[in-house]
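These notes concern the structure reproduced below.
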Amino acid sequence: MTTSTQSAELLAATTLLRFATAGSVDDGKSTLVGRLLHDSKSVLTDQLEAVEHASRNRGQETPDLALLTDGLRAEREQGITIDVAYRYFATPRRRFILADTPGHVQYTRNMVTGASTAELAVVLVDARNGVVEQTRRHAAVAALLRVPHVVLAVNKMDLVDYAEPVFAAIAEEFTAYAASLGVPEITAIPISALAGDNVVEPSANMDWYGGPTVLEHLETVPVSHDLTGCHARFPVQYVIRPQTAEHPDYRGYAGQIAAGAFRVGESVTVLPSGRTSTIAGIDLLGVPVDIAWAPQSVTLRLTDDIDVSRGDLIAPVGDAPAVTQDVEATVCHVADEPLTVGRRVLLKHTTRTVKAVVKDIPSRLTLDDLSQHPAPGRLVANDIGRVVVRTAEPLALDAYADSRRTGSFLLIDPADGTTLSAGMAGASFAAEEPPAADDDAEWDF
């Protein structure tokens with residue numbers, strides 16, 4: 001067996017973890033990512049040479065590992081992260097896709113983008129400054145996006161003489177705050193990204209710490225990719241109707257299973273119409289199978305010739321989401337143009353896009369203290385707020401707390417296709433109750 005074949009089989013056998021880094025400006029996010037890549041031997045020789053050359057040009061004696069992720073000219077000139085930088089690397093135990101997100105308040109929308117698919121968030125804190133406003137903002141965003149694992153990396157411990165009491169106080173404050181938001185798991189690790197303490201290798205300067213390094217935790221944190229126990233959801237992307245001599249009566253519904261599993265012989269309902277049928281067959285890569293699960297791309301065939309088209313959602317009978325035209329959600333506004341009450345938009349949910357109107361913006365979230373600013377009238381770039389949207393057609397929408405795939409949506413400008421807001425249906429935080437529905441709301445659809 002060749003070395004390349006062995007490597008391919010090794011990577012195929014390992015799991016994949018998507019994670020994002022966040023934190024205040026100058027807390028060392030990009031340096032941490034660079035250290036992870038460098039010390040895990042995931043940096044190509046020419047990349048390291050380019051970083052060394054750029055560092056020398058800036059008068060630095062040692063390579064600035066932050067340059068491995070800060071690729072934009074403006075980022076290098078200002079020494080900050082502006083855009084989300086995605087990097088792939090792997091160890092013998094796991095594969096990783098990481099998103100290095102900005103720390104500035106004005107780039108909160110970029111963090112939402114980077115953390116929206118993350119299963120773990122690494123929130124950095126400067127040991128000299130402790131938990132600051134931006135730390136709380138990023139913890140709140142992680143909670144809003146239902147990121148299941150959060151790592152508190154207390155960085156720059158070398159600048160506080162590796163003092164255990166400093167780390168313990170910061171860890172206690174952050175853990176209490178994040179837990180109040182409903183973050184299910186918080187792990188605190190003292191590190192020095194610049195010196196490499198507790199990033200990949202254990203630190204000789206902090207013998208009082210007996211936990212894992214950052215990389216050890218990333219390699220061992222349980223990540224559940226088994227979505228077969230979740231509510232089964234299949235958004236229809238395309239109707240396959242070849243009408244050829246070989247397949248005169250073939251009618252299949254193609255798409256990617258968003259969650260759960262589907263089996264031949266299972267009774268299903270097609271939403272929003274509510275018509276029911278039975279799965280007659282499942283084709284995976286052209287081969288019939290008895291069962292398929294998320295995130296496989298398959299073609300479902302039904303026993304009944306019912307009207308199914310792109311944008312419909314297939315779900316098991318008895319476990320289907322409610323169909324509604326009244327959407328209450330938390331949104332992060334990402335466009336420069338404000339979102340206002342009365343604004344007509346397109347709402348894209350899975351493979352379905354419908355016309356909608358913003359009926360109300362009940363509140364804007366102040367991430368500093370999690371207070372609600374009532375009736376703001378509009379949301380501007382980087383704002384997070386509650387909205388009420390009325391759609392022209394019914395949607396089969398799950399609560400975001402139940403499904404990140406089928407509980408999320410986008411609000412789009414119908415004029416030019418620009419994304420306006422990213423939405424999460426249902427309650428904002430895991431620790432709070434869902435908002436009460438307004439039965440007296442007047443709609444104009």
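Every chain in the structure tokens has a letter given in the order shown (A, B, ...), and although residue numbers restart at 1 in each chain, ligands are simply numbered from 1 in the order shown.
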Review point. Quick one: DSSP strand (DSSP E or B) residues in region 228-422 of chain A, as an MDAnalysis selection string?
Key: chainID A and resid 233:235 238:240 252:256 259 261:263 267:271 275:284 287:289 291:293 297:302 313:316 323:333 339:340 344:349 352:366 371:374 378:379 384:396 408:412 419:422
Exercise for review: Do a neighbour search on His217 (chain A) at 10 Å with only C-alpha atoms, toss out local chain neighbours closer than 2 positions, and write the hits as a ChimeraX atom specification.
Suggested key: /A:151,187,189,199-200,211-215,219-222
Output N, CA, C and O atoms for every residue in the selection just made, as a tab-separated table (two decimals), in the first residue's frame.
chain	number	residue	atom	x	y	z
A	151	VAL	N	-14.82	27.25	23.85
A	151	VAL	CA	-13.54	27.20	24.55
A	151	VAL	C	-13.14	28.63	24.91
A	151	VAL	O	-13.09	29.50	24.03
A	187	THR	N	-15.15	25.26	28.17
A	187	THR	CA	-13.86	24.75	28.60
A	187	THR	C	-12.86	25.90	28.60
A	187	THR	O	-12.70	26.58	27.59
A	189	ILE	N	-8.95	27.32	29.00
A	189	ILE	CA	-7.57	26.87	28.82
A	189	ILE	C	-6.65	28.09	28.88
A	189	ILE	O	-6.85	29.05	28.12
A	199	VAL	N	-0.89	25.49	23.43
A	199	VAL	CA	-1.60	25.55	22.15
A	199	VAL	C	-1.57	24.17	21.51
A	199	VAL	O	-2.60	23.54	21.32
A	200	VAL	N	-0.38	23.70	21.19
A	200	VAL	CA	-0.21	22.33	20.68
A	200	VAL	C	0.52	21.49	21.72
A	200	VAL	O	0.14	20.35	21.99
A	211	GLY	N	-5.23	20.41	32.49
A	211	GLY	CA	-6.17	20.10	31.43
A	211	GLY	C	-5.49	19.93	30.07
A	211	GLY	O	-4.26	19.95	29.96
A	212	PRO	N	-6.29	19.80	29.02
A	212	PRO	CA	-5.74	19.59	27.68
A	212	PRO	C	-5.21	20.88	27.07
A	212	PRO	O	-5.58	21.98	27.48
A	213	THR	N	-4.35	20.75	26.08
A	213	THR	CA	-3.98	21.89	25.26
A	213	THR	C	-5.14	22.21	24.32
A	213	THR	O	-6.11	21.45	24.24
A	214	VAL	N	-5.03	23.32	23.61
A	214	VAL	CA	-6.09	23.69	22.67
A	214	VAL	C	-6.26	22.61	21.62
A	214	VAL	O	-7.39	22.17	21.33
A	215	LEU	N	-5.16	22.14	21.04
A	215	LEU	CA	-5.26	21.13	19.99
A	215	LEU	C	-5.80	19.82	20.53
A	215	LEU	O	-6.61	19.15	19.89
A	219	GLU	N	-9.12	17.98	19.20
A	219	GLU	CA	-9.07	16.62	18.67
A	219	GLU	C	-10.01	15.66	19.38
A	219	GLU	O	-10.43	14.66	18.80
A	220	THR	N	-10.36	15.96	20.63
A	220	THR	CA	-11.11	14.99	21.43
A	220	THR	C	-12.52	15.44	21.78
A	220	THR	O	-13.29	14.62	22.29
A	221	VAL	N	-12.88	16.70	21.55
A	221	VAL	CA	-14.22	17.14	21.91
A	221	VAL	C	-15.24	16.32	21.12
A	221	VAL	O	-15.09	16.10	19.92
A	222	PRO	N	-16.25	15.80	21.78
A	222	PRO	CA	-17.23	14.97	21.07
A	222	PRO	C	-18.03	15.80	20.07
A	222	PRO	O	-18.59	16.83	20.41
Exercise for review: Identify, on the basis of only C-alpha atoms, every residue whose closest approach to region 351-354 of chain A does not exceed 10 Å; exclude the query and any residue fewer than 4 positions from it along the same chain; express the result as a ChimeraX atom specification.
Suggested key: /A:234-238,255,309-313,345-347,391-396,409-412
Exercise for review: Would you list the contacts of Ala139 (chain A) as a ChimeraX atom specification, taking every protein, DNA or RNA residue within 10 Å and counting only C-alpha atoms, but skipping same-chain residues closer than 2 positions in sequence?
Suggested key: /A:22-23,121-123,133-137,141-145,147,150,152,174-175,177-179,181,183,367
Using the selection just defined, write its residues with C-alpha atoms as a PDB file, in the first residue's frame.
ATOM      1  CA  ALA A  22     -13.421  35.092  18.176  1.00  0.00           C
ATOM      2  CA  GLY A  23     -12.371  37.720  20.672  1.00  0.00           C
ATOM      3  CA  ALA A 121     -16.096  28.482  19.119  1.00  0.00           C
ATOM      4  CA  VAL A 122     -12.756  29.525  20.607  1.00  0.00           C
ATOM      5  CA  VAL A 123     -13.224  32.852  22.412  1.00  0.00           C
ATOM      6  CA  GLU A 133     -17.549  44.057  26.242  1.00  0.00           C
ATOM      7  CA  GLN A 134     -16.500  42.411  22.985  1.00  0.00           C
ATOM      8  CA  THR A 135     -15.886  39.147  24.828  1.00  0.00           C
ATOM      9  CA  ARG A 136     -19.487  39.221  26.023  1.00  0.00           C
ATOM     10  CA  ARG A 137     -20.680  40.090  22.519  1.00  0.00           C
ATOM     11  CA  VAL A 141     -23.343  35.513  19.287  1.00  0.00           C
ATOM     12  CA  ALA A 142     -22.132  31.958  19.939  1.00  0.00           C
ATOM     13  CA  ALA A 143     -25.182  31.398  22.148  1.00  0.00           C
ATOM     14  CA  LEU A 144     -27.526  32.904  19.530  1.00  0.00           C
ATOM     15  CA  LEU A 145     -26.110  30.593  16.874  1.00  0.00           C
ATOM     16  CA  VAL A 147     -22.758  26.673  18.945  1.00  0.00           C
ATOM     17  CA  VAL A 150     -17.221  27.032  23.593  1.00  0.00           C
ATOM     18  CA  LEU A 152     -12.318  30.159  26.609  1.00  0.00           C
ATOM     19  CA  PHE A 174     -16.813  34.110  31.663  1.00  0.00           C
ATOM     20  CA  THR A 175     -18.241  30.713  32.566  1.00  0.00           C
ATOM     21  CA  TYR A 177     -21.885  34.715  31.881  1.00  0.00           C
ATOM     22  CA  ALA A 178     -21.905  32.124  29.092  1.00  0.00           C
ATOM     23  CA  ALA A 179     -23.892  29.657  31.179  1.00  0.00           C
ATOM     24  CA  LEU A 181     -26.974  32.505  27.970  1.00  0.00           C
ATOM     25  CA  VAL A 183     -24.159  27.757  26.338  1.00  0.00           C
ATOM     26  CA  LEU A 367     -25.034  42.729  23.336  1.00  0.00           C
TER      27      LEU A 367
END
